[in-house]
$ cat my_file09.cif   # mmCIF, C-alpha atoms and all ligand atoms
data_structure
#
loop_
_atom_site.label_atom_id
_atom_site.label_comp_id
_atom_site.auth_asym_id
_atom_site.auth_seq_id
_atom_site.Cartn_x
_atom_site.Cartn_y
_atom_site.Cartn_z
CA MET U 153 -7.48 -132.15 -197.51
CA GLN U 154 -10.63 -133.92 -196.28
CA ARG U 155 -13.19 -134.12 -199.09
CA GLU U 156 -16.80 -135.07 -198.52
CA SER U 157 -18.02 -138.34 -200.07
CA PRO U 158 -20.37 -137.85 -202.99
CA PRO U 159 -23.91 -138.70 -201.82
CA GLU U 160 -24.31 -141.77 -204.06
CA THR U 161 -22.92 -144.41 -201.69
CA VAL U 162 -25.65 -147.06 -201.75
CA ILE U 163 -24.78 -149.99 -203.99
CA HIS U 164 -26.96 -152.89 -205.07
CA VAL U 165 -25.04 -155.88 -206.38
CA ASP U 166 -26.72 -158.80 -208.14
CA LEU U 167 -25.04 -161.77 -209.82
CA ASP U 168 -25.88 -162.36 -213.47
CA ALA U 169 -27.94 -165.47 -214.25
CA PHE U 170 -26.58 -166.86 -210.99
CA PHE U 171 -27.44 -170.61 -211.09
CA TYR U 172 -26.54 -170.75 -214.78
CA ALA U 173 -23.28 -168.86 -214.25
CA MET U 174 -22.26 -171.42 -211.63
CA GLU U 175 -22.98 -174.23 -214.09
CA GLU U 176 -20.97 -172.52 -216.82
CA LEU U 177 -18.11 -172.11 -214.37
CA ARG U 178 -17.71 -175.87 -214.01
CA ASP U 179 -18.57 -176.65 -217.62
CA PRO U 180 -17.28 -173.89 -219.93
CA SER U 181 -18.63 -175.76 -222.97
CA LEU U 182 -22.07 -174.35 -222.04
CA LYS U 183 -20.91 -170.81 -222.93
CA GLY U 184 -23.14 -169.09 -225.49
CA LYS U 185 -25.71 -171.90 -225.50
CA PRO U 186 -29.36 -171.73 -224.48
CA VAL U 187 -29.37 -173.41 -221.05
CA VAL U 188 -32.26 -173.82 -218.64
CA ILE U 189 -31.70 -174.63 -214.97
CA GLY U 190 -34.42 -176.66 -213.25
CA GLY U 191 -37.13 -178.88 -214.65
CA ALA U 192 -36.90 -181.49 -217.36
CA PRO U 193 -37.75 -180.91 -221.01
CA GLY U 194 -40.42 -183.62 -220.68
CA GLY U 195 -42.49 -181.01 -218.92
CA ARG U 196 -42.01 -181.55 -215.22
CA GLY U 197 -40.78 -178.87 -212.86
CA VAL U 198 -40.17 -175.19 -213.12
CA VAL U 199 -37.38 -173.00 -214.50
CA THR U 200 -35.25 -171.41 -211.78
CA THR U 201 -33.20 -169.39 -214.24
CA ALA U 202 -31.89 -169.48 -217.80
CA SER U 203 -28.76 -168.37 -219.61
CA TYR U 204 -28.98 -165.03 -221.39
CA GLU U 205 -28.93 -166.95 -224.68
CA ALA U 206 -32.04 -168.90 -223.58
CA ARG U 207 -33.75 -165.68 -222.49
CA LYS U 208 -33.68 -164.52 -226.13
CA TYR U 209 -36.37 -167.15 -226.71
CA GLY U 210 -38.55 -165.70 -223.97
CA ILE U 211 -37.59 -168.22 -221.29
CA ARG U 212 -37.93 -166.80 -217.77
CA SER U 213 -37.66 -167.78 -214.10
CA ALA U 214 -40.73 -169.52 -212.63
CA MET U 215 -41.94 -170.66 -216.05
CA PRO U 216 -42.98 -174.34 -216.39
CA ALA U 217 -40.17 -176.35 -217.98
CA SER U 218 -42.62 -177.58 -220.62
CA THR U 219 -43.19 -174.01 -221.82
CA ALA U 220 -39.44 -173.39 -221.90
CA HIS U 221 -39.02 -176.52 -223.99
CA ARG U 222 -41.69 -175.37 -226.42
CA LEU U 223 -40.05 -171.94 -226.77
CA CYS U 224 -36.62 -173.41 -227.40
CA PRO U 225 -36.56 -177.17 -228.13
CA GLN U 226 -32.78 -177.24 -228.55
CA ALA U 227 -32.15 -175.79 -225.06
CA ILE U 228 -30.02 -177.79 -222.63
CA PHE U 229 -31.87 -178.59 -219.37
CA LEU U 230 -29.82 -179.03 -216.20
CA PRO U 231 -31.08 -180.05 -212.74
CA THR U 232 -30.53 -177.59 -209.88
CA ASP U 233 -27.64 -178.18 -207.50
CA HIS U 234 -28.44 -175.94 -204.52
CA ARG U 235 -25.53 -177.13 -202.41
CA TYR U 236 -23.05 -176.10 -205.10
CA TYR U 237 -24.72 -172.72 -205.68
CA ALA U 238 -24.77 -172.06 -201.92
CA GLU U 239 -20.98 -172.20 -201.90
CA GLY U 240 -20.80 -169.47 -204.57
CA SER U 241 -23.39 -167.47 -202.66
CA ARG U 242 -21.38 -167.73 -199.43
CA ARG U 243 -18.21 -166.48 -201.11
CA PHE U 244 -20.12 -163.63 -202.74
CA HIS U 245 -21.50 -162.40 -199.40
CA GLU U 246 -18.08 -162.79 -197.79
CA ILE U 247 -16.43 -160.50 -200.37
CA LEU U 248 -19.01 -157.80 -199.67
CA ARG U 249 -18.55 -158.08 -195.92
CA SER U 250 -14.82 -157.62 -196.34
CA LEU U 251 -15.36 -154.33 -198.18
CA SER U 252 -17.90 -152.54 -196.03
CA PRO U 253 -19.22 -152.88 -192.49
CA LEU U 254 -22.71 -152.10 -193.75
CA VAL U 255 -23.93 -154.99 -195.92
CA GLU U 256 -27.54 -156.07 -196.12
CA PRO U 257 -28.04 -159.44 -197.80
CA ALA U 258 -31.18 -159.46 -199.93
CA GLY U 259 -31.06 -162.90 -201.50
CA VAL U 260 -28.78 -165.73 -202.55
CA ASP U 261 -27.19 -163.55 -205.20
CA GLU U 262 -27.94 -159.98 -204.18
CA ALA U 263 -27.12 -157.50 -201.46
CA TYR U 264 -27.09 -153.81 -200.65
CA LEU U 265 -24.17 -152.02 -199.14
CA ASP U 266 -23.46 -148.48 -198.10
CA VAL U 267 -19.87 -147.37 -198.52
CA ARG U 268 -20.26 -143.95 -196.96
CA GLY U 269 -17.10 -143.15 -195.02
CA CYS U 270 -15.29 -146.20 -196.40
CA GLU U 271 -12.50 -144.21 -198.08
CA PRO U 272 -9.87 -145.57 -195.67
CA ILE U 273 -10.74 -149.19 -196.55
CA LEU U 274 -11.37 -148.67 -200.26
CA ARG U 275 -8.81 -145.95 -200.98
CA PRO U 276 -10.19 -144.54 -204.22
CA ALA U 277 -7.79 -142.54 -206.38
CA ASP U 278 -8.03 -138.74 -206.22
CA GLY U 279 -11.11 -137.43 -207.99
CA GLU U 280 -12.62 -140.89 -208.36
CA HIS U 281 -16.28 -141.32 -207.33
CA LEU U 282 -16.33 -143.45 -204.17
CA GLY U 283 -19.47 -145.43 -205.05
CA GLU U 284 -18.33 -146.15 -208.59
CA PHE U 285 -14.90 -147.12 -207.38
CA ALA U 286 -16.37 -149.50 -204.80
CA ALA U 287 -18.75 -151.08 -207.30
CA ARG U 288 -15.92 -151.67 -209.75
CA ALA U 289 -13.76 -153.23 -207.04
CA ILE U 290 -16.61 -155.47 -205.89
CA ARG U 291 -17.38 -156.69 -209.38
CA GLN U 292 -13.74 -157.40 -210.07
CA ARG U 293 -13.30 -159.38 -206.87
CA ILE U 294 -16.44 -161.42 -207.57
CA ARG U 295 -15.10 -162.11 -211.03
CA GLU U 296 -11.76 -163.26 -209.59
CA GLU U 297 -12.87 -165.08 -206.47
CA VAL U 298 -16.26 -166.55 -207.39
CA GLY U 299 -15.55 -166.70 -211.11
CA ILE U 300 -18.77 -165.14 -212.38
CA ALA U 301 -20.16 -161.76 -213.47
CA ALA U 302 -22.06 -159.32 -211.26
CA SER U 303 -23.91 -156.12 -212.06
CA ALA U 304 -24.20 -153.12 -209.79
CA GLY U 305 -26.32 -150.00 -209.36
CA ILE U 306 -25.09 -146.97 -207.43
CA SER U 307 -27.28 -144.14 -206.14
CA THR U 308 -28.43 -142.41 -202.97
CA ASN U 309 -30.89 -145.16 -201.97
CA LYS U 310 -31.66 -148.89 -202.17
CA LEU U 311 -34.66 -148.63 -204.47
CA VAL U 312 -32.94 -146.66 -207.22
CA SER U 313 -29.75 -148.73 -206.93
CA LYS U 314 -31.76 -151.92 -207.38
CA VAL U 315 -33.44 -150.63 -210.52
CA ALA U 316 -30.06 -149.37 -211.76
CA SER U 317 -28.36 -152.75 -211.32
CA ASP U 318 -31.19 -154.38 -213.28
CA ALA U 319 -30.77 -151.82 -216.03
CA ALA U 320 -26.99 -152.39 -216.08
CA LYS U 321 -27.28 -156.16 -216.72
CA PRO U 322 -25.48 -158.12 -217.95
CA ASP U 323 -22.02 -157.49 -216.52
CA GLY U 324 -22.41 -153.75 -216.11
CA MET U 325 -22.76 -150.95 -213.62
CA LEU U 326 -24.72 -147.75 -213.54
CA LEU U 327 -24.48 -144.60 -211.42
CA VAL U 328 -27.61 -142.52 -210.93
CA ARG U 329 -26.65 -139.14 -209.50
CA ALA U 330 -28.55 -137.40 -206.72
CA GLY U 331 -31.36 -135.33 -208.22
CA GLU U 332 -31.55 -137.44 -211.38
CA GLU U 333 -33.56 -140.31 -209.90
CA ALA U 334 -36.96 -139.33 -211.29
CA ALA U 335 -35.60 -138.70 -214.79
CA PHE U 336 -33.82 -142.05 -214.71
CA LEU U 337 -37.02 -143.92 -213.79
CA ALA U 338 -39.43 -141.97 -216.01
CA PRO U 339 -39.12 -143.95 -219.29
CA MET U 340 -39.34 -147.34 -217.57
CA ASP U 341 -42.25 -149.73 -217.49
CA LEU U 342 -44.28 -149.77 -214.26
CA ARG U 343 -43.04 -153.27 -213.46
CA ALA U 344 -39.42 -152.08 -213.33
CA LEU U 345 -40.16 -150.70 -209.85
CA PRO U 346 -39.76 -153.27 -207.07
CA GLY U 347 -43.03 -153.38 -205.17
CA ILE U 348 -45.20 -153.00 -208.25
CA GLY U 349 -46.39 -156.54 -208.84
CA ARG U 350 -48.68 -157.85 -211.50
CA GLN U 351 -51.87 -156.81 -209.70
CA THR U 352 -50.77 -153.29 -208.87
CA ALA U 353 -49.50 -152.81 -212.42
CA GLU U 354 -52.88 -153.99 -213.72
CA GLY U 355 -54.67 -151.48 -211.47
CA LEU U 356 -52.40 -148.68 -212.68
CA ARG U 357 -52.84 -149.61 -216.33
CA ARG U 358 -56.59 -149.38 -215.87
CA LEU U 359 -55.98 -145.75 -214.89
CA GLY U 360 -54.21 -145.31 -218.22
CA LEU U 361 -50.67 -145.35 -216.85
CA ARG U 362 -47.89 -147.13 -218.73
CA THR U 363 -44.53 -145.84 -217.51
CA LEU U 364 -43.10 -144.66 -214.22
CA GLY U 365 -43.12 -141.18 -215.76
CA ASP U 366 -46.91 -141.50 -216.14
CA LEU U 367 -47.07 -142.46 -212.49
CA GLN U 368 -44.92 -139.47 -211.51
CA ALA U 369 -47.30 -137.15 -213.34
CA TYR U 370 -50.51 -138.66 -211.94
CA PRO U 371 -52.25 -136.59 -209.24
CA THR U 372 -51.22 -137.92 -205.84
CA GLY U 373 -54.69 -137.32 -204.41
CA LEU U 374 -56.23 -139.69 -206.95
CA LEU U 375 -53.62 -142.36 -206.20
CA ARG U 376 -54.49 -142.04 -202.57
CA GLU U 377 -58.19 -142.42 -203.29
CA ARG U 378 -57.53 -145.54 -205.31
CA PHE U 379 -54.78 -147.24 -203.29
CA GLY U 380 -54.85 -145.59 -199.84
CA THR U 381 -51.53 -144.84 -198.16
CA TYR U 382 -49.91 -147.40 -200.45
CA GLY U 383 -50.79 -144.98 -203.29
CA LEU U 384 -48.75 -142.25 -201.62
CA GLU U 385 -45.85 -144.62 -201.23
CA LEU U 386 -46.13 -145.56 -204.91
CA ALA U 387 -45.91 -141.92 -205.91
CA ARG U 388 -42.77 -141.39 -203.83
CA HIS U 389 -41.13 -144.55 -205.11
CA ALA U 390 -41.91 -143.67 -208.72
CA ARG U 391 -39.91 -140.48 -208.20
CA GLY U 392 -37.05 -142.50 -206.76
CA GLU U 393 -37.60 -141.39 -203.17
CA PHE U 394 -36.95 -144.16 -200.69
CA GLU U 395 -36.44 -143.77 -196.95
CA SER U 396 -35.31 -147.09 -195.63
CA ALA U 397 -31.55 -147.24 -195.20
CA VAL U 398 -29.13 -150.10 -195.63
CA THR U 399 -29.00 -152.16 -192.44
CA ASP U 400 -26.41 -154.72 -191.49
CA GLY U 401 -28.88 -157.51 -192.14
CA SER U 402 -28.76 -158.92 -188.64
CA GLY U 403 -30.68 -156.17 -186.90
CA GLN U 404 -33.61 -156.87 -184.60
CA ALA U 405 -35.65 -154.34 -186.51
CA LYS U 406 -35.77 -156.49 -189.59
CA SER U 407 -38.46 -159.08 -189.90
CA VAL U 408 -40.39 -161.04 -192.47
CA SER U 409 -44.13 -161.17 -191.94
CA ARG U 410 -47.57 -161.80 -193.31
CA GLU U 411 -50.84 -160.63 -191.89
CA MET U 412 -54.45 -160.69 -192.92
CA THR U 413 -57.54 -158.72 -192.02
CA PHE U 414 -60.62 -160.91 -192.28
CA GLY U 415 -63.64 -159.84 -194.26
CA GLU U 416 -65.73 -161.03 -191.30
CA ASP U 417 -64.38 -161.56 -187.80
CA GLU U 418 -63.19 -165.15 -187.54
CA GLY U 419 -63.81 -167.30 -184.48
CA ASN U 420 -63.36 -170.79 -185.92
CA ARG U 421 -60.12 -172.23 -184.51
CA GLU U 422 -59.51 -174.63 -187.34
CA ARG U 423 -59.83 -171.88 -189.90
CA LEU U 424 -57.57 -169.60 -187.89
CA ARG U 425 -54.95 -172.34 -187.73
CA ALA U 426 -55.27 -172.85 -191.48
CA VAL U 427 -54.65 -169.15 -192.08
CA LEU U 428 -51.66 -169.31 -189.79
CA ARG U 429 -50.26 -172.27 -191.71
CA GLY U 430 -50.54 -170.46 -195.03
CA GLN U 431 -48.80 -167.44 -193.51
CA ALA U 432 -46.05 -169.59 -191.97
CA GLU U 433 -45.42 -171.12 -195.40
CA GLN U 434 -45.14 -167.69 -197.01
CA VAL U 435 -42.82 -166.41 -194.32
CA GLY U 436 -40.67 -169.56 -194.67
CA ARG U 437 -40.48 -169.12 -198.41
CA ASP U 438 -39.43 -165.46 -198.05
CA LEU U 439 -36.72 -166.45 -195.59
CA ARG U 440 -35.33 -169.18 -197.86
CA ARG U 441 -35.40 -166.87 -200.83
CA LYS U 442 -33.39 -164.32 -198.90
CA LEU U 443 -31.07 -166.98 -197.52
CA LEU U 444 -32.05 -165.96 -194.00
CA SER U 445 -33.05 -167.85 -190.93
CA ALA U 446 -35.05 -166.51 -187.99
CA ARG U 447 -34.54 -166.85 -184.30
CA THR U 448 -37.88 -165.47 -183.11
CA ILE U 449 -41.41 -166.27 -184.27
CA SER U 450 -44.26 -163.92 -183.37
CA ILE U 451 -47.96 -163.70 -183.95
CA LYS U 452 -50.10 -160.60 -184.04
CA TYR U 453 -53.83 -160.69 -183.44
CA ARG U 454 -56.53 -158.09 -183.24
CA TYR U 455 -60.00 -158.33 -181.72
CA PRO U 456 -63.08 -156.72 -183.28
CA ASP U 457 -62.68 -153.69 -180.98
CA PHE U 458 -59.16 -153.16 -182.47
CA GLU U 459 -57.43 -154.28 -179.29
CA THR U 460 -54.18 -155.65 -180.72
CA HIS U 461 -51.64 -158.02 -179.19
CA THR U 462 -48.40 -159.67 -180.15
CA ALA U 463 -46.80 -162.75 -178.63
CA SER U 464 -43.49 -164.30 -179.51
CA GLN U 465 -41.26 -167.26 -178.93
CA THR U 466 -37.50 -167.52 -179.33
CA LEU U 467 -36.30 -170.77 -180.86
CA LYS U 468 -33.32 -172.83 -179.72
CA LEU U 469 -31.96 -172.83 -183.27
CA PRO U 470 -32.64 -170.32 -186.07
CA THR U 471 -34.95 -171.71 -188.72
CA ALA U 472 -36.27 -171.18 -192.23
CA LEU U 473 -38.58 -174.17 -192.16
CA ASP U 474 -42.35 -173.82 -192.66
CA GLU U 475 -43.18 -176.52 -190.15
CA VAL U 476 -41.06 -175.07 -187.33
CA ILE U 477 -42.49 -171.58 -187.93
CA PHE U 478 -46.03 -172.94 -187.99
CA GLN U 479 -45.63 -175.02 -184.82
CA ALA U 480 -44.31 -172.04 -182.88
CA ALA U 481 -47.02 -169.69 -184.20
CA SER U 482 -49.73 -172.26 -183.58
CA LYS U 483 -48.73 -172.73 -179.93
CA LEU U 484 -48.77 -168.96 -179.42
CA LEU U 485 -52.23 -168.72 -180.95
CA SER U 486 -53.65 -171.53 -178.80
CA ALA U 487 -52.33 -169.83 -175.68
CA ALA U 488 -53.82 -166.51 -176.77
CA LEU U 489 -57.23 -168.00 -177.48
CA ARG U 490 -57.26 -169.82 -174.15
CA LYS U 491 -56.98 -166.43 -172.46
CA ASP U 492 -59.51 -164.65 -174.65
CA GLY U 493 -61.52 -166.71 -177.11
CA ARG U 494 -63.28 -163.85 -178.91
CA PRO U 495 -63.27 -163.94 -182.73
CA LEU U 496 -60.36 -162.19 -184.46
CA ARG U 497 -60.35 -159.35 -186.89
CA LEU U 498 -56.70 -159.76 -187.92
CA LEU U 499 -54.06 -162.45 -187.67
CA GLY U 500 -50.42 -162.48 -188.71
CA VAL U 501 -47.08 -164.26 -188.36
CA ALA U 502 -43.64 -162.65 -188.23
CA ALA U 503 -40.11 -164.01 -188.17
CA SER U 504 -37.40 -161.81 -186.65
CA GLY U 505 -33.92 -162.04 -185.20
CA LEU U 506 -32.76 -162.68 -188.72
CA GLY U 507 -29.30 -163.76 -189.76
CA LEU U 508 -27.73 -165.00 -192.91
CA ASP U 509 -28.46 -168.73 -193.06
CA GLU U 510 -25.18 -170.40 -193.77
CA GLY U 511 -26.33 -173.79 -192.65
CA ARG U 512 -25.56 -172.91 -189.04
CA GLN U 513 -28.79 -174.50 -187.92
CA LEU U 514 -27.52 -177.85 -189.10
CA GLY U 515 -26.99 -179.42 -185.72
CA LEU U 516 -26.85 -183.07 -184.80
CA ASP U 517 -29.74 -183.87 -187.05
CA ALA U 518 -27.88 -182.38 -190.00
CA GLU U 519 -29.08 -184.89 -192.52
CA ASP U 520 -32.66 -184.76 -191.45
CA GLU U 521 -32.52 -180.95 -191.49
CA GLU U 522 -30.99 -180.99 -194.98
CA ARG U 523 -33.79 -183.23 -196.17
CA ARG U 524 -36.42 -180.89 -194.78
CA VAL U 525 -34.80 -177.83 -196.32
CA ARG U 526 -34.71 -179.67 -199.64
CA LEU U 527 -38.35 -180.65 -199.31
CA ASN U 528 -39.28 -177.04 -198.57
CA ARG U 529 -37.34 -175.94 -201.68
CA THR U 530 -39.19 -178.45 -203.82
CA LEU U 531 -42.48 -177.15 -202.46
CA ASP U 532 -41.31 -173.63 -203.32
CA GLU U 533 -40.72 -174.71 -206.89
CA VAL U 534 -44.13 -176.33 -207.20
CA ARG U 535 -45.78 -173.25 -205.73
CA ALA U 536 -43.89 -171.00 -208.13
CA ARG U 537 -45.35 -173.04 -210.92
CA PHE U 538 -48.92 -173.62 -209.83
CA GLY U 539 -49.48 -170.75 -207.46
CA THR U 540 -49.62 -170.74 -203.70
CA ASP U 541 -53.02 -172.41 -203.48
CA SER U 542 -51.90 -175.64 -205.11
CA LEU U 543 -50.18 -177.01 -202.06
CA GLU U 544 -51.90 -175.35 -199.16
CA THR U 545 -52.04 -177.78 -196.32
CA GLY U 546 -55.13 -176.18 -194.94
CA LEU U 547 -57.88 -173.79 -195.81
CA THR U 548 -56.24 -170.45 -196.34
CA ARG U 549 -58.54 -168.57 -198.57
CA PHE U 550 -61.36 -166.70 -197.00
CA GLN U 551 -64.31 -165.01 -198.50
CA GLY U 552 -63.51 -161.34 -198.50
CA ALA U 553 -60.14 -161.73 -196.82
CA LYS U 554 -57.38 -159.57 -198.10
CA HIS U 555 -53.65 -159.63 -197.85
CA TRP U 556 -52.09 -156.55 -196.43
CA ARG U 557 -49.17 -155.24 -198.44
CA ASP U 558 -48.38 -158.65 -199.83
CA PHE U 559 -45.83 -157.26 -202.26
CA GLU U 560 -45.15 -159.33 -205.33
CA ARG U 561 -41.72 -159.33 -206.77
P1 LIG A 1 -32.24 -163.55 -209.89
O1 LIG A 1 -31.12 -162.66 -209.43
O2 LIG A 1 -33.61 -163.01 -209.87
O3 LIG A 1 -31.97 -164.04 -211.38
P2 LIG A 1 -30.60 -164.46 -212.08
O4 LIG A 1 -29.43 -164.19 -211.20
O5 LIG A 1 -30.71 -165.87 -212.56
O6 LIG A 1 -30.56 -163.55 -213.35
P3 LIG A 1 -30.28 -161.95 -213.43
O7 LIG A 1 -29.05 -161.81 -214.25
O8 LIG A 1 -31.48 -161.38 -214.09
O9 LIG A 1 -30.08 -161.48 -212.02
O10 LIG A 1 -32.24 -164.86 -209.01
C1 LIG A 1 -31.05 -165.47 -208.54
C2 LIG A 1 -31.17 -166.98 -208.55
O11 LIG A 1 -32.28 -167.40 -207.76
C3 LIG A 1 -31.41 -167.54 -209.93
O12 LIG A 1 -30.20 -167.78 -210.65
C4 LIG A 1 -32.19 -168.80 -209.66
C5 LIG A 1 -32.91 -168.53 -208.36
N1 LIG A 1 -34.34 -168.27 -208.62
C6 LIG A 1 -35.26 -169.30 -208.48
O13 LIG A 1 -34.90 -170.41 -208.11
N2 LIG A 1 -36.57 -169.06 -208.77
C7 LIG A 1 -37.03 -167.83 -209.18
O14 LIG A 1 -38.24 -167.65 -209.43
C8 LIG A 1 -36.08 -166.76 -209.31
C9 LIG A 1 -36.52 -165.40 -209.79
C10 LIG A 1 -34.75 -167.03 -209.04
MG MG A 2 -29.17 -162.37 -210.21
#

$ encode --input "my_file09.cif" --output "structure tokens"
Amino acid sequence: MQRESPPETVIHVDLDAFFYAMEELRDPSLKGKPVVIGGAPGGRGVVTTASYEARKYGIRSAMPASTAHRLCPQAIFLPTDHRYYAEGSRRFHEILRSLSPLVEPAGVDEAYLDVRGCEPILRPADGEHLGEFAARAIRQRIREEVGIAASAGISTNKLVSKVASDAAKPDGMLLVRAGEEAAFLAPMDLRALPGIGRQTAEGLRRLGLRTLGDLQAYPTGLLRERFGTYGLELARHARGEFESAVTDGSGQAKSVSREMTFGEDEGNRERLRAVLRGQAEQVGRDLRRKLLSARTISIKYRYPDFETHTASQTLKLPTALDEVIFQAASKLLSAALRKDGRPLRLLGVAASGLGLDEGRQLGLDAEDEERRVRLNRTLDEVRARFGTDSLETGLTRFQGAKHWRDFER
């Protein structure tokens, strides 16, 4: 008899304390100890992650190493070893791809998959929930083949599954059934919802809201007044409604972008280039964080009369490097301004044609490329510590300029 799959088929998988777990794998004596990865106790550098033991002392990702040292002087500090972690990350993504045709990588240690219709591959026992069965199988294979623990969330959509996997940590899994999404989210802090960053949370707290339940109960009209269409999206997300489906991660539709509407129309070429550079750096950082590289770089620009254009260039090799993204975007902008030199109202950069970056772009210049990727990673760490402005290579902040949907994590 053909049974229908239960509707909760979207799974979010995220490895537990990933960089630390990889370190513990090769040095089991670290087990149960407070360990910090990245930075030196002397105060230089930034924490990439910490063991769960170290987190008991309040140590968190992106915190200066000096703060971590102050919180827990006896902690063990280890340098990061990206090349070694990348190997674990590659195996992790491979396991997922072997279990479902629909896998969307979302970072070095996280991905979404949809197992709808995968009964023939997964073969759950009679009466067993397909999503739960798949999540259990995935976690077990990661445990056996990578050697570390993963947590999983299972629900009808990516947003709720992501929150569920967070709630299931460490080494757990959680199923949120269709119709129970809002009740599941209600008691949680506003920041538990991906897309509510520090600033948005601050804005919501000023309205007197504390939990996602408060947000669910808040009049939608008022949210719209305060936050525009983003307010409407917030209301839907707080109830656990999320439209965007799992994609296979290589689709043309997916892109990483940044754009900015200027407070006053901007005609100064140097300033426009500086904005573009800042955006290229942010796009590059997003790509590296997601372990993606891009094949196509585009710009979008809008004149004061709202006439809007895009222009794009396809690269010979996919990239995740700030400089390559900036050079391509900058050439496109120069060409655009040669044709029509009016001031701009909006400018943005996008990277598309995305694929999982498994070092494929390492061509003949492999060593040089490696060095540049490493440099970009170091810059990422410094920026995480001091904020984006600390290392801007040009002028990127404008009076009155505002980022459009620049979601914080
Ligand atoms: P996360 O999945 O956010 O964190 P985690 O795996 O260490 O811990 P959790 O159990 O809560 O999932 O990030 C994955 C890895 O990415 C993390 O091990 C280190 C790296 N990373 C950074 O380098 N900098 C950062 O700011 C963050 C958040 C992560
Ligand atoms: Mg993780």

$ closest_residue --input "my_file09.cif" --among "U:Leu182, U:Leu443, U:Ala334, U:Ala220" --to "ligand LIG 1 (chain A)" --atoms "only C-alpha atoms and all ligand atoms"
U:Leu443

$ atom_distance --input "my_file09.cif" --atom1 "CA of Ser482 (chain U)" --atom2 "CA of Pro456 (chain U)"
20.5 Å

$ atom_distance --input "my_file09.cif" --atom1 "CA of Arg207 (chain U)" --atom2 "atom O8 of ligand LIG 1 (chain A)"
9.7 Å

$ closest_residue --input "my_file09.cif" --among "U:Arg437, U:Arg291, U:Arg235, U:Arg429" --to "Asp166 (chain U)" --atoms "only C-alpha atoms"
U:Arg291

$ atom_distance --input "my_file09.cif" --atom1 "CA of Tyr453 (chain U)" --atom2 "CA of Leu498 (chain U)"
5.4 Å

$ residues_around --input "my_file09.cif" --residues "region 250-258 of chain U" --least-positions-apart "5" --cutoff "7 Å" --atoms "all atoms listed in the file" --output "list in words"
Ala263, Tyr264, Leu265, Asp266, Val267, Cys270, Val398, Thr399, Asp400, Gly401 and Lys442 of chain U

$ residues_around --input "my_file09.cif" --residues "Ala320 (chain U)" --least-positions-apart "4" --cutoff "8 Å" --atoms "all atoms listed in the file" --output "list in words"
Ser303, Ala304, Gly305, Ala316, Gly324, Met325 and Leu326 of chain U

$ axis_aligned_box --input "my_file09.cif" --around "region 397-400 of chain U" --padding-each-side "5 Å" --output "JSON"
{"center_x": -29.0, "center_y": -151.0, "center_z": -193.6, "size_x": 15.1, "size_y": 17.5, "size_z": 14.1}

$ residues_around --input "my_file09.cif" --residues "Arg357 (chain U)" --least-positions-apart "4" --cutoff "12 Å" --atoms "all atoms listed in the file" --output "MDAnalysis selection string"
chainID U and resid 341:343 348 350:353 361:364 366:367

$ closest_residue --input "my_file09.cif" --among "U:Ile300, U:Ser409, U:Gln368, U:Phe285" --to "ligand MG 2 (chain A)" --atoms "only C-alpha atoms and all ligand atoms"
U:Ile300

$ closest_residue --input "my_file09.cif" --among "U:Ser157, U:Thr219, U:Ser181, U:Ser241" --to "ligand MG 2 (chain A)" --atoms "all atoms listed in the file"
U:Ser241

$ closest_residue --input "my_file09.cif" --among "U:Arg243, U:Arg275, U:His461, U:His164" --to "Leu327 (chain U)" --atoms "only C-alpha atoms"
U:His164

$ closest_residue --input "my_file09.cif" --among "U:Lys314, U:Arg497, U:Arg293, U:Lys483" --to "ligand MG 2 (chain A)" --atoms "only C-alpha atoms and all ligand atoms"
U:Lys314

$ residues_around --input "my_file09.cif" --residues "region 501-503 of chain U" --least-positions-apart "2" --cutoff "7 Å" --atoms "all atoms listed in the file" --output "mmCIF file with C-alpha atoms, in the coordinates of the input"
data_model
loop_
_atom_site.group_PDB
_atom_site.id
_atom_site.type_symbol
_atom_site.label_atom_id
_atom_site.label_comp_id
_atom_site.auth_asym_id
_atom_site.auth_seq_id
_atom_site.Cartn_x
_atom_site.Cartn_y
_atom_site.Cartn_z
ATOM 1 C CA SER U 407 -38.460 -159.080 -189.900
ATOM 2 C CA VAL U 408 -40.390 -161.040 -192.470
ATOM 3 C CA SER U 409 -44.130 -161.170 -191.940
ATOM 4 C CA ARG U 410 -47.570 -161.800 -193.310
ATOM 5 C CA GLU U 411 -50.840 -160.630 -191.890
ATOM 6 C CA LEU U 428 -51.660 -169.310 -189.790
ATOM 7 C CA GLN U 431 -48.800 -167.440 -193.510
ATOM 8 C CA ALA U 432 -46.050 -169.590 -191.970
ATOM 9 C CA ALA U 446 -35.050 -166.510 -187.990
ATOM 10 C CA THR U 448 -37.880 -165.470 -183.110
ATOM 11 C CA ILE U 449 -41.410 -166.270 -184.270
ATOM 12 C CA SER U 450 -44.260 -163.920 -183.370
ATOM 13 C CA ILE U 451 -47.960 -163.700 -183.950
ATOM 14 C CA LYS U 452 -50.100 -160.600 -184.040
ATOM 15 C CA ALA U 481 -47.020 -169.690 -184.200
#

$ residues_around --input "my_file09.cif" --residues "Gly493 (chain U)" --least-positions-apart "4" --cutoff "8 Å" --atoms "only C-alpha atoms" --output "PDB file with C-alpha atoms, in the frame of the given file"
ATOM      1  CA  GLY U 419     -63.810-167.300-184.480  1.00  0.00           C
ATOM      2  CA  ALA U 488     -53.820-166.510-176.770  1.00  0.00           C
ATOM      3  CA  LEU U 489     -57.230-168.000-177.480  1.00  0.00           C
TER       4      LEU U 489
END
